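Data block for model.csv (CSV, C-alpha atoms):
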```csv
chain,number,residue,atom,x,y,z
A,395,MET,CA,-22.6,-25.1,23.4
A,396,LYS,CA,-25.5,-23.6,25.3
A,397,THR,CA,-23.9,-20.2,25.1
A,398,LEU,CA,-23.2,-20.5,21.4
A,399,ALA,CA,-26.8,-21.6,20.8
A,400,ARG,CA,-28.1,-18.7,22.9
A,401,ALA,CA,-25.8,-16.3,21.0
A,402,ALA,CA,-27.0,-17.6,17.6
A,403,ALA,CA,-30.6,-17.3,18.7
A,404,TRP,CA,-30.0,-13.8,19.8
A,405,LEU,CA,-28.3,-12.9,16.5
A,406,ARG,CA,-31.3,-14.3,14.6
A,407,ALA,CA,-33.8,-12.6,16.8
A,408,GLU,CA,-32.1,-9.2,16.3
A,409,ASN,CA,-31.6,-9.8,12.6
A,410,LEU,CA,-27.9,-9.5,13.0
A,411,ALA,CA,-26.8,-12.9,11.7
A,412,LEU,CA,-26.4,-11.8,8.1
A,413,PRO,CA,-24.5,-8.6,8.8
A,414,LEU,CA,-22.2,-10.5,11.0
A,415,ALA,CA,-21.7,-13.2,8.3
A,416,ALA,CA,-21.0,-10.4,5.8
A,417,LEU,CA,-18.4,-9.0,8.1
A,418,LEU,CA,-16.7,-12.4,8.5
A,419,VAL,CA,-16.7,-12.9,4.7
A,420,ALA,CA,-15.0,-9.5,4.3
A,421,VAL,CA,-12.3,-10.5,6.7
A,422,ALA,CA,-12.0,-13.9,5.1
A,423,GLU,CA,-11.5,-12.2,1.7
A,424,VAL,CA,-8.6,-10.1,3.0
A,425,VAL,CA,-7.0,-13.2,4.6
A,426,SER,CA,-7.5,-15.3,1.4
A,427,LEU,CA,-6.0,-12.6,-0.9
A,428,GLN,CA,-3.0,-12.4,1.4
A,429,ALA,CA,-2.7,-16.2,1.3
A,430,VAL,CA,-2.9,-16.2,-2.6
A,431,TRP,CA,-0.1,-13.6,-3.0
A,432,MET,CA,2.1,-15.3,-0.4
A,433,ALA,CA,1.5,-18.6,-2.2
A,434,SER,CA,2.5,-16.9,-5.5
A,435,PHE,CA,5.4,-14.6,-4.5
A,436,GLY,CA,6.2,-15.6,-0.9
A,437,PRO,CA,9.6,-17.1,0.1
A,438,VAL,CA,8.5,-20.4,-1.3
A,439,ARG,CA,6.1,-20.7,-4.3
A,440,ARG,CA,3.3,-23.1,-3.4
A,441,ILE,CA,1.1,-22.8,-6.5
A,442,PRO,CA,1.9,-23.0,-10.2
A,443,GLU,CA,2.5,-19.7,-11.9
A,444,TRP,CA,-0.6,-20.1,-14.1
A,445,ALA,CA,-2.8,-20.0,-11.0
A,446,ASP,CA,-1.6,-16.6,-9.7
A,447,LEU,CA,-4.3,-14.6,-11.5
A,448,PRO,CA,-7.3,-17.1,-11.6
A,449,LEU,CA,-7.0,-17.7,-7.8
A,450,GLY,CA,-7.0,-14.0,-7.1
A,451,HIS,CA,-10.1,-13.5,-9.2
A,452,ALA,CA,-11.8,-16.5,-7.7
A,453,VAL,CA,-11.4,-15.0,-4.3
A,454,MET,CA,-12.6,-11.6,-5.4
A,455,TRP,CA,-15.6,-13.0,-7.1
A,456,GLY,CA,-16.5,-15.8,-4.7
A,457,LEU,CA,-16.1,-14.0,-1.4
A,458,GLY,CA,-17.0,-10.6,-2.9
A,459,LEU,CA,-20.3,-11.9,-4.3
A,460,ALA,CA,-21.0,-13.7,-1.0
A,461,GLY,CA,-20.2,-10.6,1.0
A,462,ALA,CA,-22.4,-8.3,-1.2
A,463,VAL,CA,-25.4,-10.7,-1.1
A,464,LEU,CA,-25.1,-11.1,2.7
A,465,SER,CA,-24.7,-7.4,3.3
A,466,ILE,CA,-27.6,-6.4,1.0
A,467,THR,CA,-29.9,-9.0,2.4
A,468,GLY,CA,-28.8,-8.2,5.9
A,469,ALA,CA,-29.5,-4.5,5.4
A,470,TYR,CA,-32.9,-5.3,3.9
A,471,ARG,CA,-34.0,-7.5,6.8
A,472,LEU,CA,-32.7,-5.1,9.4
A,473,ILE,CA,-34.5,-2.2,7.9
A,474,ARG,CA,-37.7,-4.2,7.5
A,475,ARG,CA,-37.8,-6.2,10.7
A,476,GLY,CA,-35.0,-5.0,13.1
A,477,ARG,CA,-35.3,-2.7,16.0
A,478,VAL,CA,-35.0,0.8,14.8
A,479,TRP,CA,-31.9,1.7,16.9
A,480,VAL,CA,-30.2,-1.6,15.9
A,481,ALA,CA,-30.9,-1.0,12.2
A,482,ALA,CA,-29.8,2.7,12.5
A,483,THR,CA,-26.5,1.6,13.9
A,484,VAL,CA,-25.6,-1.6,12.1
A,485,VAL,CA,-26.7,-0.7,8.6
A,486,PRO,CA,-24.3,2.3,8.2
A,487,LEU,CA,-21.5,0.8,10.3
A,488,VAL,CA,-21.5,-2.8,9.1
A,489,CYS,CA,-23.8,-3.4,6.1
A,490,PHE,CA,-22.7,-0.4,4.1
A,491,PRO,CA,-18.9,-0.9,4.5
A,492,THR,CA,-19.3,-4.6,3.7
A,493,MET,CA,-21.4,-3.7,0.7
A,494,VAL,CA,-18.5,-1.5,-0.4
A,495,VAL,CA,-16.0,-4.3,0.1
A,496,GLY,CA,-18.2,-6.9,-1.7
A,497,LEU,CA,-19.3,-4.8,-4.6
A,498,GLY,CA,-15.8,-3.3,-4.8
A,499,SER,CA,-14.2,-6.8,-5.1
A,500,ILE,CA,-16.4,-7.7,-8.0
A,501,TYR,CA,-15.9,-4.3,-9.7
A,502,SER,CA,-12.1,-4.5,-9.1
A,503,SER,CA,-12.0,-8.0,-10.5
A,504,LEU,CA,-13.7,-6.8,-13.7
A,505,ILE,CA,-11.2,-3.8,-13.8
A,506,VAL,CA,-8.1,-5.8,-13.2
A,507,ALA,CA,-9.2,-8.4,-15.7
A,508,ALA,CA,-9.4,-5.6,-18.3
A,509,ILE,CA,-13.1,-6.2,-18.9
A,510,LEU,CA,-14.3,-2.7,-17.7
B,964,MET,CA,-45.6,-3.1,9.0
B,965,PRO,CA,-46.2,-2.1,5.3
B,966,ASP,CA,-44.2,1.1,5.8
B,967,ARG,CA,-41.0,-0.7,7.0
B,968,ARG,CA,-41.3,-3.1,4.0
B,969,ARG,CA,-41.5,-0.2,1.6
B,970,LEU,CA,-38.7,1.6,3.3
B,971,ALA,CA,-36.5,-1.5,3.1
B,972,LEU,CA,-37.4,-1.9,-0.6
B,973,VAL,CA,-36.3,1.7,-1.3
B,974,VAL,CA,-33.4,2.1,1.0
B,975,THR,CA,-31.5,-1.2,0.3
B,976,PRO,CA,-31.1,-0.8,-3.4
B,977,LEU,CA,-30.2,2.9,-2.8
B,978,LEU,CA,-27.5,1.8,-0.4
B,979,ALA,CA,-26.1,-0.8,-2.8
B,980,ALA,CA,-26.0,1.9,-5.6
B,981,LEU,CA,-24.3,4.3,-3.2
B,982,ALA,CA,-21.7,1.6,-2.3
B,983,LEU,CA,-21.0,1.0,-6.0
B,984,ALA,CA,-20.8,4.7,-6.8
B,985,PHE,CA,-18.3,5.1,-3.9
B,986,VAL,CA,-16.2,2.3,-5.4
B,987,ILE,CA,-16.3,3.9,-8.8
B,988,ALA,CA,-15.5,7.3,-7.5
B,989,VAL,CA,-12.5,6.1,-5.4
B,990,GLY,CA,-11.3,3.8,-8.2
B,991,ASP,CA,-12.1,4.6,-11.8
B,992,ARG,CA,-15.0,4.6,-14.2
B,993,PRO,CA,-15.3,1.8,-16.7
B,994,ILE,CA,-13.1,2.5,-19.7
B,995,LEU,CA,-14.4,1.1,-23.0
B,996,ARG,CA,-12.5,0.6,-26.2
B,997,GLN,CA,-12.2,3.8,-28.1
B,998,ARG,CA,-11.5,2.3,-31.5
B,999,SER,CA,-10.6,-1.1,-33.1
B,1000,LEU,CA,-7.0,-2.2,-32.5
B,1001,ASP,CA,-7.1,-4.3,-35.6
B,1002,THR,CA,-4.9,-2.0,-37.7
B,1003,GLY,CA,-3.0,-4.7,-39.6
B,1004,SER,CA,0.3,-4.2,-37.7
B,1005,SER,CA,1.5,-6.5,-35.0
B,1006,ARG,CA,2.6,-5.3,-31.6
B,1007,ALA,CA,4.3,-6.7,-28.6
B,1008,ALA,CA,4.8,-5.4,-25.0
B,1009,VAL,CA,7.7,-6.2,-22.7
B,1010,ALA,CA,7.2,-5.5,-19.0
B,1011,ILE,CA,9.5,-6.0,-16.1
B,1012,ARG,CA,8.6,-5.7,-12.4
B,1013,ASP,CA,11.5,-5.1,-10.0
B,1014,HIS,CA,12.2,-7.1,-6.8
B,1015,VAL,CA,9.7,-5.8,-4.3
B,1016,ILE,CA,7.5,-7.3,-1.6
B,1017,PRO,CA,5.3,-10.2,-2.8
B,1018,PHE,CA,2.1,-8.2,-2.6
B,1019,GLN,CA,3.4,-5.6,-5.0
B,1020,LYS,CA,4.7,-8.2,-7.4
B,1021,TRP,CA,1.4,-10.0,-7.3
B,1022,GLY,CA,-0.7,-6.9,-7.6
B,1023,THR,CA,1.3,-5.5,-10.5
B,1024,LYS,CA,1.0,-8.8,-12.4
B,1025,LEU,CA,-2.7,-9.2,-11.6
B,1026,PHE,CA,-3.4,-5.7,-13.0
B,1027,THR,CA,-0.8,-5.5,-15.8
B,1028,LEU,CA,-0.9,-8.8,-17.5
B,1029,PRO,CA,-4.6,-8.9,-18.5
B,1030,HIS,CA,-4.4,-5.4,-19.8
B,1031,LEU,CA,-1.3,-6.0,-21.9
B,1032,GLU,CA,-2.8,-9.2,-23.2
B,1033,ASP,CA,-5.9,-7.3,-24.2
B,1034,GLY,CA,-3.9,-4.8,-26.3
B,1035,TYR,CA,-0.9,-6.7,-27.7
B,1036,ASP,CA,-0.4,-9.7,-29.8
B,1037,LYS,CA,2.5,-10.9,-27.6
B,1038,VAL,CA,3.4,-10.0,-24.0
B,1039,TYR,CA,6.7,-10.7,-22.3
B,1040,TYR,CA,6.2,-10.3,-18.6
B,1041,LEU,CA,9.2,-10.6,-16.2
B,1042,THR,CA,9.4,-10.4,-12.5
B,1043,GLN,CA,12.8,-10.0,-10.8
B,1044,ALA,CA,13.5,-12.5,-8.0
B,1045,THR,CA,16.5,-10.6,-6.7
B,1046,PHE,CA,18.1,-7.2,-7.3
B,1047,GLY,CA,19.6,-7.0,-10.7
B,1048,ASP,CA,17.9,-10.2,-11.8
B,1049,LYS,CA,16.6,-10.8,-15.3
B,1050,ARG,CA,19.1,-8.7,-17.1
B,1051,ALA,CA,19.8,-11.2,-19.9
B,1052,GLU,CA,16.1,-12.1,-20.0
B,1053,LEU,CA,15.0,-8.5,-20.5
B,1054,ALA,CA,17.4,-7.9,-23.3
B,1055,ALA,CA,16.4,-11.2,-24.9
B,1056,ALA,CA,12.7,-10.4,-24.6
B,1057,VAL,CA,13.1,-6.9,-26.1
B,1058,GLU,CA,15.3,-8.2,-29.0
B,1059,ASP,CA,12.9,-11.1,-29.7
B,1060,ALA,CA,10.0,-8.7,-29.7
B,1061,LEU,CA,11.8,-6.2,-32.0
B,1062,ARG,CA,12.7,-9.0,-34.5
B,1063,HIS,CA,9.1,-10.4,-34.7
B,1064,TYR,CA,6.7,-7.5,-34.2
B,1065,ASP,CA,6.1,-4.2,-36.0
B,1066,GLN,CA,5.8,-2.2,-32.8
B,1067,VAL,CA,7.2,-2.8,-29.4
B,1068,ASP,CA,6.3,-1.0,-26.2
B,1069,ILE,CA,8.3,-1.4,-23.0
B,1070,PHE,CA,6.9,-1.1,-19.5
B,1071,LEU,CA,9.5,-0.6,-16.8
B,1072,LEU,CA,7.5,-1.2,-13.6
B,1073,ALA,CA,10.3,-0.6,-11.2
B,1074,HIS,CA,11.7,1.9,-8.7
B,1075,GLY,CA,14.4,4.3,-9.9
B,1076,ASN,CA,16.2,2.3,-12.5
B,1077,PHE,CA,18.6,2.3,-15.4
B,1078,PHE,CA,17.2,-0.5,-17.6
B,1079,ILE,CA,18.3,1.5,-20.6
B,1080,ASP,CA,21.8,0.2,-20.1
B,1081,TRP,CA,20.4,-3.4,-20.2
B,1082,ILE,CA,19.2,-3.0,-23.7
B,1083,SER,CA,22.1,-1.0,-25.0
B,1084,GLY,CA,23.6,-4.2,-26.6
B,1085,ILE,CA,20.7,-4.6,-29.0
B,1086,ASP,CA,21.4,-3.5,-32.6
B,1087,PRO,CA,20.5,0.2,-32.9
B,1088,ALA,CA,18.7,-0.4,-36.2
B,1089,LEU,CA,16.4,-2.8,-34.3
B,1090,ARG,CA,15.9,-0.4,-31.4
B,1091,GLU,CA,14.4,2.1,-33.8
B,1092,LYS,CA,11.3,-0.1,-33.7
B,1093,ILE,CA,10.7,0.6,-30.0
B,1094,ARG,CA,7.6,2.8,-29.9
B,1095,LEU,CA,6.6,3.7,-26.3
B,1096,VAL,CA,8.6,3.3,-23.1
B,1097,TYR,CA,6.8,3.9,-19.8
B,1098,ASN,CA,8.9,4.0,-16.7
B,1099,THR,CA,7.5,4.1,-13.2
B,1100,GLY,CA,10.8,4.9,-11.6
B,1101,CYS,CA,11.0,7.9,-9.3
B,1102,GLY,CA,12.8,10.8,-11.0
B,1103,ASN,CA,13.2,8.8,-14.2
B,1104,ALA,CA,11.6,11.4,-16.4
B,1105,SER,CA,15.1,12.6,-16.8
B,1106,GLN,CA,15.8,9.6,-19.0
B,1107,GLY,CA,13.4,10.9,-21.7
B,1108,SER,CA,16.0,12.2,-24.1
B,1109,MET,CA,18.2,9.1,-23.6
B,1110,TRP,CA,15.4,6.7,-24.5
B,1111,LEU,CA,14.4,8.8,-27.6
B,1112,SER,CA,18.1,8.7,-28.6
B,1113,ALA,CA,18.1,5.0,-28.0
B,1114,GLY,CA,15.4,4.5,-30.6
B,1115,ALA,CA,12.0,5.0,-28.8
B,1116,ASP,CA,9.4,7.1,-30.4
B,1117,ALA,CA,7.9,8.2,-27.1
B,1118,TYR,CA,8.8,8.1,-23.4
B,1119,VAL,CA,6.6,8.6,-20.3
B,1120,GLY,CA,8.3,9.0,-17.0
B,1121,HIS,CA,7.9,10.6,-13.6
B,1122,PRO,CA,10.0,13.6,-12.5
B,1123,ALA,CA,9.2,13.5,-8.7
B,1124,LEU,CA,11.6,12.1,-6.2
B,1125,HIS,CA,8.6,10.1,-4.8
B,1126,SER,CA,6.6,9.5,-7.9
B,1127,VAL,CA,3.7,7.4,-6.4
B,1128,SER,CA,3.6,6.1,-9.9
B,1129,PRO,CA,1.1,3.3,-9.2
B,1130,ALA,CA,-1.5,6.0,-8.8
B,1131,PHE,CA,-0.7,7.2,-12.3
B,1132,TYR,CA,-0.1,3.8,-13.9
B,1133,PHE,CA,-3.5,2.4,-12.9
B,1134,TYR,CA,-5.3,5.2,-14.9
B,1135,PHE,CA,-2.8,5.4,-17.7
B,1136,LEU,CA,-2.6,1.7,-18.7
B,1137,ARG,CA,-6.4,1.3,-18.8
B,1138,ARG,CA,-6.7,4.2,-21.2
B,1139,TRP,CA,-3.7,3.4,-23.3
B,1140,VAL,CA,-4.7,-0.2,-24.0
B,1141,ARG,CA,-8.3,1.0,-24.8
B,1142,GLY,CA,-7.0,3.2,-27.7
B,1143,TYR,CA,-6.7,6.6,-26.1
B,1144,PRO,CA,-4.1,8.9,-27.8
B,1145,LEU,CA,-0.9,8.9,-25.7
B,1146,GLY,CA,-1.2,12.6,-24.8
B,1147,GLU,CA,-4.8,12.2,-23.7
B,1148,ALA,CA,-4.1,9.0,-21.7
B,1149,VAL,CA,-1.2,10.8,-19.9
B,1150,ALA,CA,-3.2,13.9,-19.2
B,1151,GLU,CA,-6.3,12.0,-17.9
B,1152,ALA,CA,-4.1,9.8,-15.8
B,1153,ASN,CA,-2.3,12.8,-14.4
B,1154,ARG,CA,-5.6,14.5,-13.5
B,1155,ALA,CA,-7.1,11.3,-12.0
B,1156,ALA,CA,-4.1,10.4,-9.9
B,1157,ALA,CA,-3.6,14.0,-8.6
B,1158,ARG,CA,-7.3,14.1,-7.5
B,1159,ARG,CA,-7.0,10.8,-5.6
B,1160,LEU,CA,-3.8,11.9,-3.9
B,1161,GLU,CA,-5.5,15.1,-2.8
B,1162,TRP,CA,-8.5,13.2,-1.5
B,1163,PHE,CA,-6.4,11.0,0.6
B,1164,GLY,CA,-4.1,13.8,1.8
B,1165,GLN,CA,-1.1,12.4,0.0
B,1166,ALA,CA,-0.4,15.3,-2.3
B,1167,SER,CA,2.8,17.3,-1.6
B,1168,PRO,CA,5.7,18.6,-3.7
B,1169,LEU,CA,7.6,15.4,-2.9
B,1170,THR,CA,4.8,12.9,-3.6
B,1171,ASP,CA,3.6,13.8,-7.0
B,1172,ALA,CA,2.3,11.2,-9.4
B,1173,THR,CA,2.5,13.5,-12.5
B,1174,ALA,CA,4.2,11.9,-15.5
B,1175,LEU,CA,5.8,13.8,-18.4
B,1176,LEU,CA,5.5,12.8,-22.0
B,1177,TYR,CA,8.4,13.0,-24.4
B,1178,GLY,CA,7.3,12.4,-28.0
B,1179,PRO,CA,4.2,12.7,-30.1
B,1180,PRO,CA,0.9,13.0,-28.1
B,1181,ASP,CA,-1.1,11.5,-31.0
B,1182,LEU,CA,0.6,8.1,-30.8
B,1183,TRP,CA,-1.8,5.3,-29.9
B,1184,ILE,CA,-1.6,1.6,-29.3
B,1185,GLY,CA,-2.9,0.6,-32.7
B,1186,GLY,CA,-0.8,3.2,-34.6
B,1187,GLY,CA,2.6,3.0,-36.1
B,1188,LYS,CA,5.4,5.6,-36.1
B,1189,PRO,CA,3.9,9.1,-36.7
```

Please go through the file and, once you have read it, give me the structure as structure tokens.
Amino acid sequence: MKTLARAAAWLRAENLALPLAALLVAVAEVVSLQAVWMASFGPVRRIPEWADLPLGHAVMWGLGLAGAVLSITGAYRLIRRGRVWVAATVVPLVCFPTMVVGLGSIYSSLIVAAIL
Amino acid sequence: MPDRRRLALVVTPLLAALALAFVIAVGDRPILRQRSLDTGSSRAAVAIRDHVIPFQKWGTKLFTLPHLEDGYDKVYYLTQATFGDKRAELAAAVEDALRHYDQVDIFLLAHGNFFIDWISGIDPALREKIRLVYNTGCGNASQGSMWLSAGADAYVGHPALHSVSPAFYFYFLRRWVRGYPLGEAVAEANRAAARRLEWFGQASPLTDATALLYGPPDLWIGGGKP
């Protein structure tokens, strides 16, 4: 517990908690989407057919929006308060790709739902 | 640190805009409706997805169904659970659509196929109401004249042995259901798909997403027989 608390304090101090959370959300989104399609079309159907599409969109919107907000806020805090070399590394390597995933999820959801 | 604050206020929205621009460039720009589809005629779409991995079945349905529902009064969407599955259902869906709707479009979302045989039992007079047939099957452009003889007004298919047709289909369906003329939808989708395949190093004589159009290029989703 002490190690975990120390790690959390270090992440907060270095303004890395939000970028890390954004990264975890992006991974969770991929895993959730895989779970939805396996539940729909896997060897055994585990959800009703009407839920195939709404569940996919719910994942793309819910986790996509969360990832986008976390990555944008994380980038803002790092650029504003983080150490320069940490910001220069984490913003392009973590914040920007997770922004692409988060915003891409929302945009994709609007496209596949035939809204855009 | 007022400078850092200003920097963050400028750079962060720029990064978000850049991320969105990247997504749009890799994917597709928003496609808005070209003209009203309320033309007084009724139309139905019949789509069948072949027996592939769950991700492909789910992805095809996720993308196809809302678009078809956006452009058609009635959509029959079938997904095969085994190879050769849904033969009777496809014929029944096409026949039902032909009996009840003015225009019927068929989307064959399958690897190289011969679904034309599956609907051969339908009355030829009814089959004359088939308007557009789009076939994703590799090398299935060769069925163009067969489908036109079977009663379709237009046929879109891929000549390549490895057609990478999802790349074409994504751009094509979005434009077709939004009211683009068929010829323009095919041409734009061909260009967009070829560009993406080139960007990702997938373009080669064997992997070619180009689709060929047989039939009138001015056909559109709201229009009847030319």

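What chain A places within 6 Å of chain B, counting all atoms listed in the file, is A:Trp431, A:Phe435, A:Gly436, A:Leu447, A:Tyr470, A:Ile473, A:Arg474, A:Val494, A:Gly498, A:Val506, A:Ala507, A:Ala508, A:Leu510.
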
File dump, residues just selected, C-alpha atoms, as a PDB file, in the coordinates of the input:
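Saved file selection_23.pdb follows:
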```
ATOM      1  CA  TRP A 431      -0.100 -13.600  -3.000  1.00  0.00           C
ATOM      2  CA  PHE A 435       5.400 -14.600  -4.500  1.00  0.00           C
ATOM      3  CA  GLY A 436       6.200 -15.600  -0.900  1.00  0.00           C
ATOM      4  CA  LEU A 447      -4.300 -14.600 -11.500  1.00  0.00           C
ATOM      5  CA  TYR A 470     -32.900  -5.300   3.900  1.00  0.00           C
ATOM      6  CA  ILE A 473     -34.500  -2.200   7.900  1.00  0.00           C
ATOM      7  CA  ARG A 474     -37.700  -4.200   7.500  1.00  0.00           C
ATOM      8  CA  VAL A 494     -18.500  -1.500  -0.400  1.00  0.00           C
ATOM      9  CA  GLY A 498     -15.800  -3.300  -4.800  1.00  0.00           C
ATOM     10  CA  VAL A 506      -8.100  -5.800 -13.200  1.00  0.00           C
ATOM     11  CA  ALA A 507      -9.200  -8.400 -15.700  1.00  0.00           C
ATOM     12  CA  ALA A 508      -9.400  -5.600 -18.300  1.00  0.00           C
ATOM     13  CA  LEU A 510     -14.300  -2.700 -17.700  1.00  0.00           C
TER      14      LEU A 510
END
```

If we count all atoms listed in the file and set the cut-off at 7 Å, which residues sit around Gly468 in chain A, ignoring sequence neighbours fewer than 5 positions away in its own chain? Please answer as a short mmCIF file (atom, residue, chain, number, x, y, z; two decimals) with C-alpha atoms, in the coordinates of the input.
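Wrote selection-v3.cif, looks like this:
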```
data_model
loop_
_atom_site.label_atom_id
_atom_site.label_comp_id
_atom_site.auth_asym_id
_atom_site.auth_seq_id
_atom_site.Cartn_x
_atom_site.Cartn_y
_atom_site.Cartn_z
CA LEU A 412 -26.40 -11.80 8.10
CA PRO A 413 -24.50 -8.60 8.80
CA CYS A 489 -23.80 -3.40 6.10
#
```

- Query: What lies within 12 Å of Thr483 in chain A using all atoms listed in the file, ignoring chain neighbours under 3 positions off, as an MDAnalysis selection string?
  - Reply: chainID A and resid 410 413 469 472:473 476:480 486:490

Using only C-alpha atoms, please write the residues we just selected to a file, as a CSV table (one decimal), in the coordinates of the input.
```csv
chain,number,residue,atom,x,y,z
A,410,LEU,CA,-27.9,-9.5,13.0
A,413,PRO,CA,-24.5,-8.6,8.8
A,469,ALA,CA,-29.5,-4.5,5.4
A,472,LEU,CA,-32.7,-5.1,9.4
A,473,ILE,CA,-34.5,-2.2,7.9
A,476,GLY,CA,-35.0,-5.0,13.1
A,477,ARG,CA,-35.3,-2.7,16.0
A,478,VAL,CA,-35.0,0.8,14.8
A,479,TRP,CA,-31.9,1.7,16.9
A,480,VAL,CA,-30.2,-1.6,15.9
A,486,PRO,CA,-24.3,2.3,8.2
A,487,LEU,CA,-21.5,0.8,10.3
A,488,VAL,CA,-21.5,-2.8,9.1
A,489,CYS,CA,-23.8,-3.4,6.1
A,490,PHE,CA,-22.7,-0.4,4.1
```

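With distances restricted to all atoms listed in the file, B:Ile1082 is the closest residue to Ala1051 in chain B from B:Ala1150, B:Ala1073, B:Ala1123, B:Ile1082.
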
Need the shell around range 451-454 of chain A: protein/DNA/RNA residues with any atom at most 7 Å away, counting all atoms listed in the file. Skip same-chain ones fewer than 6 positions apart. Format as an mmCIF file with C-alpha atoms, keeping the file's coordinate frame?
```cif
data_model
loop_
_atom_site.group_PDB
_atom_site.id
_atom_site.type_symbol
_atom_site.label_atom_id
_atom_site.label_comp_id
_atom_site.auth_asym_id
_atom_site.auth_seq_id
_atom_site.Cartn_x
_atom_site.Cartn_y
_atom_site.Cartn_z
ATOM 1 C CA GLU A 423 -11.500 -12.200 1.700
ATOM 2 C CA SER A 426 -7.500 -15.300 1.400
ATOM 3 C CA LEU A 427 -6.000 -12.600 -0.900
ATOM 4 C CA SER A 499 -14.200 -6.800 -5.100
ATOM 5 C CA ILE A 500 -16.400 -7.700 -8.000
ATOM 6 C CA SER A 503 -12.000 -8.000 -10.500
#
```

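Put simply, CA of Val430 in chain A is 7.2 Å away from CA of Asp446 in chain A.
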
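Going from CA of Arg1154 in chain B over to CA of Asp1171 in chain B, you cover 11.3 Å.
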
- Task: Tell me, in Å to one decimal, how far CA of Thr397 in chain A is from CA of Ala416 in chain A.
- Result: 21.8 Å

Quick one: residues within 7 Å of Ala1130 in chain B, all atoms listed in the file, excluding same-chain residues fewer than 3 positions away - as a CSV table (one decimal) with C-alpha atoms, in the coordinates of the input?
```csv
chain,number,residue,atom,x,y,z
B,1127,VAL,CA,3.7,7.4,-6.4
B,1133,PHE,CA,-3.5,2.4,-12.9
B,1156,ALA,CA,-4.1,10.4,-9.9
B,1172,ALA,CA,2.3,11.2,-9.4
```

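Once Gly1003 in chain B and its same-chain neighbours fewer than 6 positions away are set aside, Asp1065, Gly1185 and Gly1186 of chain B remain within 10 Å of it when counting all atoms listed in the file.
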
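Remark: for Gly458 in chain A, the closest of the candidate residues A:Lys396, A:Glu443, A:Ala403, A:Ser502 is A:Ser502 (distances computed over all atoms listed in the file).
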
- From the set B:Ala1148, B:Val1067, B:Leu1175, B:Ala988, which residue has the shortest atom-to-atom contact distance to Ala1104 in chain B, counting only C-alpha atoms? B:Leu1175

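Surrounding residues of (-1.1, 13.1, -28.4) at most 8 Å away are B:Pro1144, B:Leu1145, B:Gly1146, B:Glu1147, B:Pro1179, B:Pro1180, B:Asp1181, B:Leu1182, B:Trp1183 (based on only C-alpha atoms).
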
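Proximity ranking of B:Gly1164, B:Pro1087, B:Gly1075, B:Gly1107 relative to Leu1124 in chain B places B:Gly1075 first, based on all atoms listed in the file.
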